[in-house]
file query23.cif (mmCIF, C-alpha atoms)
data_final
#
loop_
_atom_site.label_atom_id
_atom_site.label_comp_id
_atom_site.auth_asym_id
_atom_site.auth_seq_id
_atom_site.Cartn_x
_atom_site.Cartn_y
_atom_site.Cartn_z
CA THR A 112 -24.89 6.09 4.02
CA ALA A 113 -26.13 8.05 7.03
CA THR A 114 -25.71 11.76 7.76
CA GLY A 115 -26.77 13.59 10.88
CA GLY A 116 -28.69 16.83 10.61
CA LYS A 117 -28.23 20.16 12.37
CA ALA A 118 -29.04 19.98 16.10
CA SER A 119 -30.48 23.11 17.72
CA TYR A 120 -31.43 24.29 21.21
CA GLU A 121 -34.89 25.44 20.28
CA GLY A 122 -37.37 25.07 23.16
CA MET A 123 -34.74 24.25 25.79
CA THR A 124 -34.86 26.11 29.10
CA ALA A 125 -32.20 24.45 31.34
CA HIS A 126 -29.08 26.38 32.33
CA THR A 127 -26.81 23.83 30.61
CA LEU A 128 -27.88 22.92 27.08
CA TRP A 129 -26.80 19.94 25.01
CA ALA A 130 -27.10 19.66 21.25
CA ARG A 131 -26.10 16.28 19.80
CA THR A 132 -26.16 15.06 16.23
CA TYR A 133 -25.43 11.53 14.95
CA GLY A 134 -24.73 9.89 11.62
CA ILE A 135 -25.55 6.48 13.15
CA LYS A 136 -26.66 5.84 16.73
CA ALA A 137 -27.43 2.31 17.93
CA ALA A 138 -26.74 0.15 20.97
CA SER A 139 -24.97 -2.42 18.78
CA ILE A 140 -23.86 -2.32 15.15
CA LEU A 141 -22.95 -5.47 13.16
CA ILE A 142 -21.14 -5.12 9.84
CA SER A 143 -20.49 -8.41 8.03
CA GLY A 144 -19.74 -7.35 4.47
CA ALA A 145 -21.45 -4.05 3.79
CA ASP A 146 -19.79 -0.71 3.12
CA VAL A 147 -21.11 1.82 5.63
CA THR A 148 -20.60 5.60 5.73
CA ALA A 149 -21.69 7.68 8.72
CA THR A 150 -21.25 11.44 9.12
CA GLY A 151 -22.20 13.59 12.07
CA GLY A 152 -23.94 16.89 11.48
CA THR A 153 -23.39 20.39 12.83
CA CYS A 154 -24.97 22.11 15.84
CA GLY A 155 -27.06 25.23 16.27
CA ASP A 156 -26.08 28.71 17.34
CA LEU A 157 -25.31 29.85 20.85
CA VAL A 158 -28.13 30.48 23.31
CA SER A 159 -27.13 33.59 25.26
CA GLY A 160 -26.64 33.20 29.03
CA LYS A 161 -26.44 29.38 28.89
CA ASP A 162 -23.66 26.77 28.98
CA ASN A 163 -23.87 25.36 25.47
CA THR A 164 -22.44 21.87 24.89
CA ARG A 165 -22.35 20.73 21.28
CA GLU A 166 -21.41 17.22 20.19
CA SER A 167 -21.23 15.57 16.77
CA TYR A 168 -20.87 11.79 16.30
CA GLY A 169 -20.16 10.00 13.05
CA CYS A 170 -20.98 6.58 14.52
CA TYR A 171 -22.18 5.98 18.10
CA GLY A 172 -22.49 2.45 19.52
CA ASP A 173 -20.74 -0.89 20.03
CA ILE A 174 -19.36 -2.05 16.67
CA THR A 175 -18.69 -5.65 15.60
CA MET A 176 -17.17 -6.10 12.14
CA THR A 177 -16.31 -9.38 10.44
CA ASP A 178 -15.85 -7.91 6.95
CA GLY A 179 -16.70 -4.82 4.93
CA SER A 180 -15.91 -1.21 5.71
CA LEU A 181 -16.96 1.65 7.95
CA THR A 182 -16.13 5.28 7.27
CA ALA A 183 -17.19 7.50 10.17
CA THR A 184 -16.62 11.25 10.40
CA GLY A 185 -17.56 13.69 13.13
CA GLY A 186 -19.05 17.00 12.11
CA ASN A 187 -17.23 20.33 12.17
CA LEU A 188 -17.88 22.58 15.18
CA LEU A 189 -16.20 25.86 14.30
CA MET A 190 -18.64 28.38 15.77
CA GLU A 191 -17.35 31.89 16.31
CA ASP A 192 -19.49 32.55 19.40
CA SER A 193 -18.18 32.72 22.99
CA SER A 194 -20.00 29.67 24.36
CA THR A 195 -18.71 28.32 27.70
CA GLY A 196 -19.71 24.72 26.93
CA ASP A 197 -17.73 22.03 25.12
CA ARG A 198 -17.61 21.45 21.40
CA ILE A 199 -16.66 17.82 20.79
CA SER A 200 -16.45 15.90 17.53
CA TYR A 201 -16.18 12.09 17.39
CA GLY A 202 -15.56 9.89 14.37
CA ILE A 203 -16.54 6.80 16.40
CA TYR A 204 -17.75 6.66 20.01
CA GLY A 205 -18.25 3.25 21.65
CA SER A 206 -16.42 -0.09 21.47
CA ILE A 207 -14.94 -1.92 18.49
CA SER A 208 -14.41 -5.62 17.80
CA VAL A 209 -13.08 -6.11 14.27
CA SER A 210 -11.55 -9.26 12.77
CA LYS A 211 -11.57 -8.29 9.09
CA GLY A 212 -12.38 -5.24 7.03
CA THR A 213 -11.51 -1.57 7.11
CA ILE A 214 -12.43 1.15 9.59
CA GLU A 215 -11.64 4.80 8.92
CA ALA A 216 -12.63 7.24 11.67
CA THR A 217 -12.06 10.99 11.61
CA GLY A 218 -12.79 13.58 14.26
CA GLY A 219 -14.11 16.84 12.86
CA ASN A 220 -12.65 20.34 13.03
CA THR A 221 -13.39 22.10 16.32
CA LYS A 222 -12.81 25.51 17.87
CA GLY A 223 -12.76 25.73 21.65
CA GLY A 224 -13.29 21.98 22.07
CA LYS A 225 -11.89 18.51 21.41
CA SER A 226 -11.70 16.14 18.47
CA TYR A 227 -11.44 12.33 18.55
CA GLY A 228 -10.98 9.93 15.66
CA ILE A 229 -12.04 6.99 17.89
CA TYR A 230 -13.22 7.27 21.50
CA LEU A 231 -13.37 3.84 23.19
CA ASN A 232 -15.48 3.35 26.32
CA LYS A 233 -15.46 -0.48 26.58
CA ASP A 234 -13.14 -3.42 25.88
CA SER A 235 -12.05 -3.36 22.23
CA ARG A 236 -10.15 -5.76 19.99
CA PHE A 237 -8.45 -5.30 16.62
CA SER A 238 -7.58 -8.73 15.22
CA GLY A 239 -7.32 -10.91 12.12
CA GLU A 240 -6.76 -8.87 8.98
CA ALA A 241 -8.41 -5.71 10.27
CA VAL A 242 -7.20 -2.31 9.10
CA VAL A 243 -8.07 0.57 11.44
CA THR A 244 -7.21 4.21 10.78
CA ALA A 245 -8.11 6.97 13.23
CA THR A 246 -7.28 10.65 12.78
CA THR A 247 -8.57 14.21 13.07
CA LYS A 248 -9.20 16.86 10.46
CA THR A 249 -6.60 19.49 9.71
CA GLU A 250 -8.46 22.79 10.22
CA SER A 251 -9.07 22.47 13.96
CA THR A 252 -7.64 25.25 16.13
CA ASP A 253 -7.60 23.12 19.30
CA ASP A 254 -4.68 21.42 21.00
CA TYR A 255 -6.83 18.58 22.35
CA ARG A 256 -7.01 16.10 19.50
CA TYR A 257 -6.62 12.34 19.59
CA GLY A 258 -6.46 9.59 16.99
CA ILE A 259 -7.60 6.93 19.51
CA TYR A 260 -8.66 7.92 23.03
CA VAL A 261 -9.48 5.31 25.68
CA LYS A 262 -11.92 6.39 28.39
CA GLU A 263 -10.61 6.32 31.95
CA THR A 264 -12.40 3.19 33.08
CA ASN A 265 -11.62 -0.52 33.58
CA LEU A 266 -11.01 -1.92 30.10
CA THR A 267 -8.48 -3.40 27.67
CA LEU A 268 -7.51 -2.49 24.13
CA THR A 269 -6.01 -5.47 22.27
CA VAL A 270 -4.15 -5.59 18.96
CA GLU A 271 -3.35 -9.10 17.67
CA ASP A 272 -2.81 -11.37 14.67
CA SER A 273 -2.13 -9.29 11.53
CA ALA A 274 -4.20 -6.25 12.44
CA ASN A 275 -2.92 -2.92 11.16
CA VAL A 276 -3.66 0.17 13.29
CA THR A 277 -2.76 3.78 12.47
CA ALA A 278 -3.66 6.57 14.88
CA THR A 279 -2.61 10.14 14.12
CA VAL A 280 -3.57 13.74 14.77
CA ALA A 281 -3.29 16.56 12.29
CA GLU A 282 -0.49 19.09 12.43
CA GLY A 283 -0.97 22.07 14.72
CA ALA A 284 -2.05 20.19 17.84
CA ASN A 285 0.29 20.73 20.77
CA SER A 286 -0.25 20.36 24.52
CA GLY A 287 -2.95 17.69 24.77
CA ALA A 288 -2.64 15.76 21.53
CA SER A 289 -1.74 12.08 21.14
CA GLY A 290 -2.02 9.49 18.42
CA ILE A 291 -3.14 6.96 21.08
CA TYR A 292 -4.00 8.06 24.63
CA ALA A 293 -4.88 5.65 27.48
CA ASN A 294 -3.91 7.40 30.71
CA SER A 295 -5.51 5.32 33.48
CA SER A 296 -4.16 2.54 35.69
CA TYR A 297 -7.40 0.67 34.95
CA ILE A 298 -6.67 0.55 31.21
CA THR A 299 -4.35 -2.08 29.74
CA PHE A 300 -3.04 -1.91 26.19
CA ILE A 301 -2.21 -5.42 24.94
CA GLN A 302 -0.37 -6.20 21.74
CA THR A 303 0.50 -9.76 20.71
CA GLY A 304 0.92 -9.15 16.98
CA GLY A 305 0.11 -6.86 14.11
CA SER A 306 1.44 -3.36 13.62
CA VAL A 307 0.61 -0.05 15.29
CA VAL A 308 1.63 3.43 14.17
CA ALA A 309 0.88 6.33 16.54
CA SER A 310 1.85 9.84 15.54
CA ALA A 311 1.34 13.39 16.75
CA PRO A 312 3.55 15.40 14.38
CA GLU A 313 3.66 18.65 16.38
CA ALA A 314 2.60 17.45 19.82
CA ASN A 315 4.53 18.23 22.98
CA GLN A 316 2.94 15.23 24.70
CA ALA A 317 3.15 11.83 23.04
CA GLY A 318 2.63 9.90 19.86
CA ALA A 319 1.46 7.11 22.20
CA HIS A 320 0.67 7.57 25.90
CA PHE A 321 -0.11 4.55 28.11
CA LYS A 322 -0.51 4.04 31.82
CA LYS A 323 -0.13 0.28 31.45
CA ALA A 324 1.03 -1.70 28.42
CA ASP A 325 1.75 -5.41 27.86
CA ILE A 326 3.48 -6.11 24.55
CA SER A 327 4.60 -9.57 23.44
CA GLY A 328 4.64 -9.36 19.65
CA GLY A 329 4.19 -7.24 16.57
CA THR A 330 5.63 -3.80 15.87
CA PHE A 331 4.81 -0.45 17.45
CA SER A 332 6.12 2.80 15.95
CA ALA A 333 5.48 6.17 17.63
CA SER A 334 6.54 9.72 16.81
CA ALA A 335 6.01 13.22 18.20
CA LYS A 336 8.03 16.37 18.78
CA GLY A 337 8.01 15.87 22.55
CA THR A 338 7.84 12.28 23.87
CA ALA A 339 7.16 9.79 21.09
CA PHE A 340 6.30 6.70 23.22
CA TYR A 341 5.37 6.92 26.91
CA ALA A 342 4.38 4.14 29.31
CA TYR A 343 4.07 4.39 33.07
CA ASP A 344 4.26 0.59 33.35
CA LEU A 345 5.51 -1.55 30.45
CA ASN A 346 5.84 -5.34 30.37
CA LEU A 347 7.78 -6.26 27.23
CA THR A 348 8.27 -9.95 26.39
CA GLY A 349 8.50 -9.67 22.61
CA GLY A 350 7.84 -7.38 19.70
CA ASP A 351 9.61 -4.22 18.62
CA ILE A 352 8.87 -0.70 19.91
CA THR A 353 10.30 2.34 18.16
CA GLY A 354 9.92 5.92 19.37
CA THR A 355 11.21 8.96 17.47
CA SER A 356 11.15 12.55 18.68
CA THR A 357 11.01 14.78 15.61
CA SER A 358 11.89 18.16 17.17
CA THR A 359 14.54 20.36 15.56
CA LEU A 360 16.73 23.22 16.76
CA GLU A 361 14.24 25.61 15.15
CA ASP A 362 11.38 24.46 17.43
CA THR A 363 10.47 26.27 20.65
CA MET A 364 9.31 23.76 23.26
CA SER A 365 8.99 23.57 27.04
CA VAL A 366 9.31 19.77 27.19
CA VAL A 367 12.27 17.49 26.60
CA SER A 368 12.72 15.64 23.33
CA THR A 369 12.43 11.94 24.11
CA GLY A 370 12.14 8.90 21.88
CA ILE A 371 10.90 6.47 24.58
CA LYS A 372 10.08 7.26 28.21
CA ILE A 373 9.10 4.54 30.70
CA GLU A 374 8.56 4.78 34.46
CA THR A 375 8.58 1.05 35.32
CA LEU A 376 9.96 -1.54 32.90
CA THR A 377 9.92 -5.34 33.01
CA MET A 378 11.63 -6.75 29.92
CA THR A 379 12.40 -10.36 29.00
CA GLY A 380 12.56 -9.99 25.22
CA GLY A 381 11.79 -7.80 22.26
CA SER A 382 13.39 -4.45 21.56
CA LEU A 383 13.16 -0.78 22.55
CA THR A 384 14.63 1.67 20.06
CA GLY A 385 14.41 5.38 20.84
CA LYS A 386 15.71 8.48 19.08
CA GLY A 387 15.71 11.84 20.83
CA GLY A 388 15.04 15.05 18.95
CA GLU A 389 17.02 18.28 18.83
CA HIS A 390 16.62 20.97 21.50
CA THR A 391 17.90 24.43 22.42
CA THR A 392 16.77 24.74 26.06
CA LEU A 393 16.29 21.22 27.50
CA GLN A 394 17.62 17.67 27.25
CA SER A 395 17.39 15.06 24.54
CA TYR A 396 16.91 11.37 25.43
CA GLY A 397 16.87 8.40 23.10
CA VAL A 398 15.53 6.09 25.85
CA TYR A 399 14.65 7.55 29.27
CA LEU A 400 13.88 5.14 32.14
CA THR A 401 12.91 7.00 35.30
CA GLY A 402 12.02 4.23 37.75
CA THR A 403 12.75 0.53 38.19
CA ALA A 404 13.97 -1.39 35.13
CA ASP A 405 14.28 -5.19 35.34
CA VAL A 406 15.80 -6.47 32.10
CA SER A 407 16.63 -10.13 31.50
CA GLY A 408 16.52 -10.24 27.71
CA GLY A 409 16.05 -8.23 24.54
CA THR A 410 17.76 -5.06 23.37
CA ILE A 411 17.52 -1.41 24.41
CA THR A 412 18.97 1.05 21.93
CA GLY A 413 18.91 4.81 22.35
CA THR A 414 20.25 7.70 20.30
CA GLY A 415 20.32 11.23 21.69
CA GLY A 416 19.71 14.28 19.55
CA HIS A 417 21.75 17.43 18.99
CA VAL A 418 21.31 19.97 21.81
CA PHE A 419 22.69 23.49 21.76
CA SER A 420 22.42 26.51 24.05
CA GLU A 421 24.77 29.37 24.86
CA ASP A 422 23.47 29.84 28.41
CA ARG A 423 21.72 26.62 29.50
CA ASP A 424 23.03 23.26 30.70
CA VAL A 425 21.56 21.19 27.88
CA ARG A 426 22.54 17.52 27.62
CA SER A 427 22.19 14.67 25.17
CA TYR A 428 21.77 11.06 26.31
CA GLY A 429 21.48 7.89 24.28
CA VAL A 430 20.07 5.97 27.28
CA ASN A 431 19.38 7.63 30.63
CA ILE A 432 18.29 5.53 33.65
CA THR A 433 17.63 7.62 36.76
CA GLY A 434 16.27 4.75 38.87
CA THR A 435 17.69 1.25 39.34
CA LEU A 436 18.57 -1.05 36.46
CA THR A 437 18.74 -4.79 37.13
CA LEU A 438 20.39 -6.26 34.04
CA SER A 439 20.70 -10.05 33.97
CA GLY A 440 20.54 -10.50 30.21
CA GLY A 441 20.10 -8.57 27.02
CA THR A 442 21.96 -5.54 25.75
CA VAL A 443 21.80 -1.80 26.46
CA THR A 444 23.36 0.45 23.80
CA GLY A 445 23.40 4.23 23.89
CA THR A 446 24.82 6.82 21.49
CA ALA A 447 24.67 10.48 22.49
CA GLY A 448 24.31 13.41 20.14
CA GLN A 449 26.35 16.58 19.88
CA ALA A 450 25.95 18.86 22.91
CA SER A 451 27.10 22.29 23.99
CA LYS A 452 27.53 20.88 27.52
CA THR A 453 27.33 17.15 28.36
CA SER A 454 27.02 14.22 25.96
CA GLU A 455 26.64 10.75 27.48
CA GLY A 456 26.01 7.51 25.62
CA VAL A 457 24.62 5.64 28.67
CA TYR A 458 23.96 7.06 32.12
CA ILE A 459 22.76 4.78 34.96
CA LYS A 460 22.18 6.00 38.49
CA ASN A 461 22.05 2.55 40.14
CA ALA A 462 22.92 -0.73 38.43
CA ILE A 463 22.73 -4.37 39.50
CA LEU A 464 24.62 -6.32 36.86
CA SER A 465 25.20 -10.00 36.15
CA ASN A 466 28.07 -11.53 34.17
CA SER A 467 25.87 -11.81 31.09
CA ALA A 468 24.91 -8.14 31.10
CA LYS A 469 26.15 -6.05 28.17
CA ILE A 470 26.28 -2.25 28.10
CA VAL A 471 27.73 -0.26 25.21
CA GLY A 472 27.92 3.53 25.16
CA GLN A 473 29.36 6.24 22.96
CA GLY A 474 29.43 9.92 23.83
CA GLY A 475 28.98 12.55 21.17
CA ILE A 476 30.86 15.75 20.43
CA SER A 477 30.85 18.09 23.45
CA ASP A 478 31.72 21.77 23.11
CA GLU A 479 33.07 21.62 26.68
CA ASP A 480 34.90 18.30 26.22
CA ASN A 481 32.44 16.53 28.51
CA SER A 482 31.72 13.42 26.45
CA VAL A 483 31.23 10.07 28.21
CA GLY A 484 30.56 6.61 26.79
CA VAL A 485 29.10 4.89 29.88
CA SER A 486 28.55 6.50 33.28
CA ILE A 487 27.29 4.43 36.25
CA ASN A 488 26.84 6.25 39.53
CA ASP A 489 26.57 3.11 41.71
CA ALA A 490 26.96 -0.51 40.56
CA SER A 491 26.93 -3.95 42.14
#
call {"tool": "encode", "arguments": {"input": "query23.cif", "output": "C-alpha cells"}}
result
Amino acid sequence: TATGGKASYEGMTAHTLWARTYGIKAASILISGADVTATGGTCGDLVSGKDNTRESYGCYGDITMTDGSLTATGGNLLMEDSSTGDRISYGIYGSISVSKGTIEATGGNTKGGKSYGIYLNKDSRFSGEAVVTATTKTESTDDYRYGIYVKETNLTLTVEDSANVTATVAEGANSGASGIYANSSYITFIQTGGSVVASAPEANQAGAHFKKADISGGTFSASAKGTAFYAYDLNLTGGDITGTSTSTLEDTMSVVSTGIKIETLTMTGGSLTGKGGEHTTLQSYGVYLTGTADVSGGTITGTGGHVFSEDRDVRSYGVNITGTLTLSGGTVTGTAGQASKTSEGVYIKNAILSNSAKIVGQGGISDEDNSVGVSINDAS
C-alpha cells in the first residue's frame, strides 16, 4: 500500500509552478500475484501571482500484470482559490499490459481541472482474463472527466481474448466527458474479443469516442445522453457494437441524441445496433452515417427516439445515411420514433445496391403525417 503526501510550492520562484504527488512512481511496474494499492496525495495552497499546476497520481509508470490486483486512485484537488494553472487527478498514468488479474483506477475529484481514471501514453493491451475498471469520483465539479483517455500520439489500445473492460465517468460531467476517448488519427483501438462497456451518463459528447477503430470480435456497449458511440473511421469485420443515447424529453441539450455515429464505415460482418434518445429541439438518430459506408455483410439496426417541439423542425430517424452507401450484402433496418414533424425509418442520400442488399424501414407516428419507411434520394 502506497500513499502520496501533500506536495507544496515552498521555495519555488519560477512564474509557473508545478506540484506533483504520487502513490507509486516508477519507470516500470511488474505485478505477478500481489495485491497493490496506490493513492495520490493532495497539493499545497495557491502561490499568489503564479500559474499553479497541481497534479495527483495514484500510479505512474508502465504496468505489466500477469496476476494479482492494482487499485489506484488519484487525489482530490478541490481548492477554492483562483489559480490559473491546471488541477489534474490521475488514477493511472502510463501504459498497461495485463493478461490476468484486476485493475481498478479512479480519477479524483477536481475543481477547475480534469480527472482521468486511466491515462494511456503508450501501446496498451488488455488480454486473457483481465478485468479493468476505470472511472472518476462523483464530487468533481468539472466537465472534463474520462474513464480511459488515450494520449494523442502514435499508439494502439487492444482488447482481446476474454478481457473485461469498463470505463465510465460519474454523473454531472457534460461537454468534455467520455467513458473512452481516443481522438487522434494516430491512435487505433483494436478489439478482437472480450467485452467493453463505455458510459458517460450525462455527457453531451460520447460514451466512446474514437478516431480510428478496428473491431473483429467481442462485444462493445456504449451509452451517453448525446452520442453514445462515435468513430471517425470504423472497420468492422465481426463483433457486436451497441450504442444507446439516454436523453429524455426533460433534458436540455444542444447536441443531437445519437446511438451510433460513424464518419467512414467499412463493414464485412458483425453488427451495429443504435438507439437514439428523446429530444425537444434537435434530431434523434439510431444509427447516423455521415460519410462513405461500404457494407458487404453483417447487420445495421437503428431505432430513433421520440422528438417533440411546437416550433422546431425536429426529426426522428432509425438509420440516417447522408453520404454514399454501397450495400452488397448484409441488412439495414431502421425504425423511427414518434415525431412532431418528420419520422423516417431509413434515409439514404446516395445508394449503390446489389441484388443481395436488404433494407427494411418503418416510420413512426408523425403529428404532421410525414412518416416514411425507406427514403432514398438517389439509387443505382
call {"tool": "closest_residue", "arguments": {"input": "query23.cif", "among": "A:Val280, A:Val307, A:Val457, A:Ala183", "to": "A:Leu400", "atoms": "only C-alpha atoms"}}
result
A:Val457
call {"tool": "atom_distance", "arguments": {"input": "query23.cif", "atom1": "atom CA of A:Lys323", "atom2": "atom CA of A:Leu347"}}
result
11.1 Å
call {"tool": "resolve_selection", "arguments": {"input": "query23.cif", "expression": "the PyMOL selection byres ((chain A and resi 481-486) around 9)", "output": "PDB file with C-alpha atoms, in the coordinates of the input"}}
result
ATOM      1  CA  GLY A 445      23.400   4.230  23.890  1.00  0.00           C
ATOM      2  CA  THR A 446      24.820   6.820  21.490  1.00  0.00           C
ATOM      3  CA  ALA A 447      24.670  10.480  22.490  1.00  0.00           C
ATOM      4  CA  ALA A 450      25.950  18.860  22.910  1.00  0.00           C
ATOM      5  CA  LYS A 452      27.530  20.880  27.520  1.00  0.00           C
ATOM      6  CA  THR A 453      27.330  17.150  28.360  1.00  0.00           C
ATOM      7  CA  SER A 454      27.020  14.220  25.960  1.00  0.00           C
ATOM      8  CA  GLU A 455      26.640  10.750  27.480  1.00  0.00           C
ATOM      9  CA  GLY A 456      26.010   7.510  25.620  1.00  0.00           C
ATOM     10  CA  VAL A 457      24.620   5.640  28.670  1.00  0.00           C
ATOM     11  CA  TYR A 458      23.960   7.060  32.120  1.00  0.00           C
ATOM     12  CA  ILE A 459      22.760   4.780  34.960  1.00  0.00           C
ATOM     13  CA  LYS A 460      22.180   6.000  38.490  1.00  0.00           C
ATOM     14  CA  ILE A 470      26.280  -2.250  28.100  1.00  0.00           C
ATOM     15  CA  VAL A 471      27.730  -0.260  25.210  1.00  0.00           C
ATOM     16  CA  GLY A 472      27.920   3.530  25.160  1.00  0.00           C
ATOM     17  CA  GLN A 473      29.360   6.240  22.960  1.00  0.00           C
ATOM     18  CA  GLY A 474      29.430   9.920  23.830  1.00  0.00           C
ATOM     19  CA  GLY A 475      28.980  12.550  21.170  1.00  0.00           C
ATOM     20  CA  ILE A 476      30.860  15.750  20.430  1.00  0.00           C
ATOM     21  CA  SER A 477      30.850  18.090  23.450  1.00  0.00           C
ATOM     22  CA  ASP A 478      31.720  21.770  23.110  1.00  0.00           C
ATOM     23  CA  GLU A 479      33.070  21.620  26.680  1.00  0.00           C
ATOM     24  CA  ASP A 480      34.900  18.300  26.220  1.00  0.00           C
ATOM     25  CA  ILE A 487      27.290   4.430  36.250  1.00  0.00           C
ATOM     26  CA  ASN A 488      26.840   6.250  39.530  1.00  0.00           C
TER      27      ASN A 488
END
call {"tool": "residues_around", "arguments": {"input": "query23.cif", "residues": "A:Ile373", "least_positions_apart": "6", "cutoff": "6 Å", "atoms": "only C-alpha atoms", "output": "PyMOL selection string"}}
result
chain A and resi 341-343+400
call {"tool": "closest_residue", "arguments": {"input": "query23.cif", "among": "A:Thr414, A:Asn346, A:Thr246, A:Thr175", "to": "A:Gly290", "atoms": "only C-alpha atoms"}}
result
A:Thr246
call {"tool": "closest_residue", "arguments": {"input": "query23.cif", "among": "A:Val209, A:Ala149, A:Val276, A:Ala317", "to": "A:Ser235", "atoms": "all atoms listed in the file"}}
result
A:Val209
call {"tool": "residues_around", "arguments": {"input": "query23.cif", "residues": "stretch 260-273 of chain A", "least_positions_apart": "3", "cutoff": "6 Å", "atoms": "all atoms listed in the file", "output": "PyMOL selection string"}}
result
chain A and resi 230-240+257+291-293+295+297-305
call {"tool": "resolve_selection", "arguments": {"input": "query23.cif", "expression": "the PyMOL selection byres ((chain A and resi 351) around 9)", "output": "ChimeraX atom specification"}}
result
/A:326-332,349-350,352-353,381-384
call {"tool": "atom_distance", "arguments": {"input": "query23.cif", "atom1": "atom CA of A:Gly385", "atom2": "atom CA of A:Asn431"}}
result
11.2 Å
call {"tool": "resolve_selection", "arguments": {"input": "query23.cif", "expression": "the PyMOL selection byres ((chain A and resi 374) around 10)", "output": "PyMOL selection string"}}
result
chain A and resi 322+341-345+372-373+375-376+399-404+432-434
call {"tool": "atom_distance", "arguments": {"input": "query23.cif", "atom1": "atom CA of A:Leu181", "atom2": "atom CA of A:Glu282"}}
result
24.4 Å
call {"tool": "residues_around", "arguments": {"input": "query23.cif", "residues": "A:Lys248", "least_positions_apart": "2", "cutoff": "12 Å", "atoms": "all atoms listed in the file", "output": "JSON, numbers by chain"}}
result
{"A": [184, 185, 186, 187, 188, 200, 201, 202, 216, 217, 218, 219, 220, 221, 222, 225, 226, 227, 228, 245, 246, 250, 251, 252, 253, 256, 257, 258, 279, 280, 281, 282, 283, 284]}
call {"tool": "closest_residue", "arguments": {"input": "query23.cif", "among": "A:His417, A:Arg131, A:Arg198, A:Lys469", "to": "A:His390", "atoms": "all atoms listed in the file"}}
result
A:His417
call {"tool": "residues_near_point", "arguments": {"input": "query23.cif", "point": "(28.5, -11.9, 29.6)", "cutoff": "12 Å", "atoms": "all atoms listed in the file", "output": "list in words"}}
result
Leu438, Ser439, Gly440, Gly441, Thr442, Leu464, Ser465, Asn466, Ser467, Ala468, Lys469 and Ile470 of chain A
call {"tool": "residues_around", "arguments": {"input": "query23.cif", "residues": "A:Tyr396", "least_positions_apart": "6", "cutoff": "6 Å", "atoms": "only C-alpha atoms", "output": "PyMOL selection string"}}
result
chain A and resi 369+387+415+428-429
call {"tool": "write_last_selection", "arguments": {"input": "query23.cif", "atoms": "C-alpha atoms", "output": "PDB file, in the coordinates of the input"}}
result
ATOM      1  CA  THR A 369      12.430  11.940  24.110  1.00  0.00           C
ATOM      2  CA  GLY A 387      15.710  11.840  20.830  1.00  0.00           C
ATOM      3  CA  GLY A 415      20.320  11.230  21.690  1.00  0.00           C
ATOM      4  CA  TYR A 428      21.770  11.060  26.310  1.00  0.00           C
ATOM      5  CA  GLY A 429      21.480   7.890  24.280  1.00  0.00           C
TER       6      GLY A 429
END
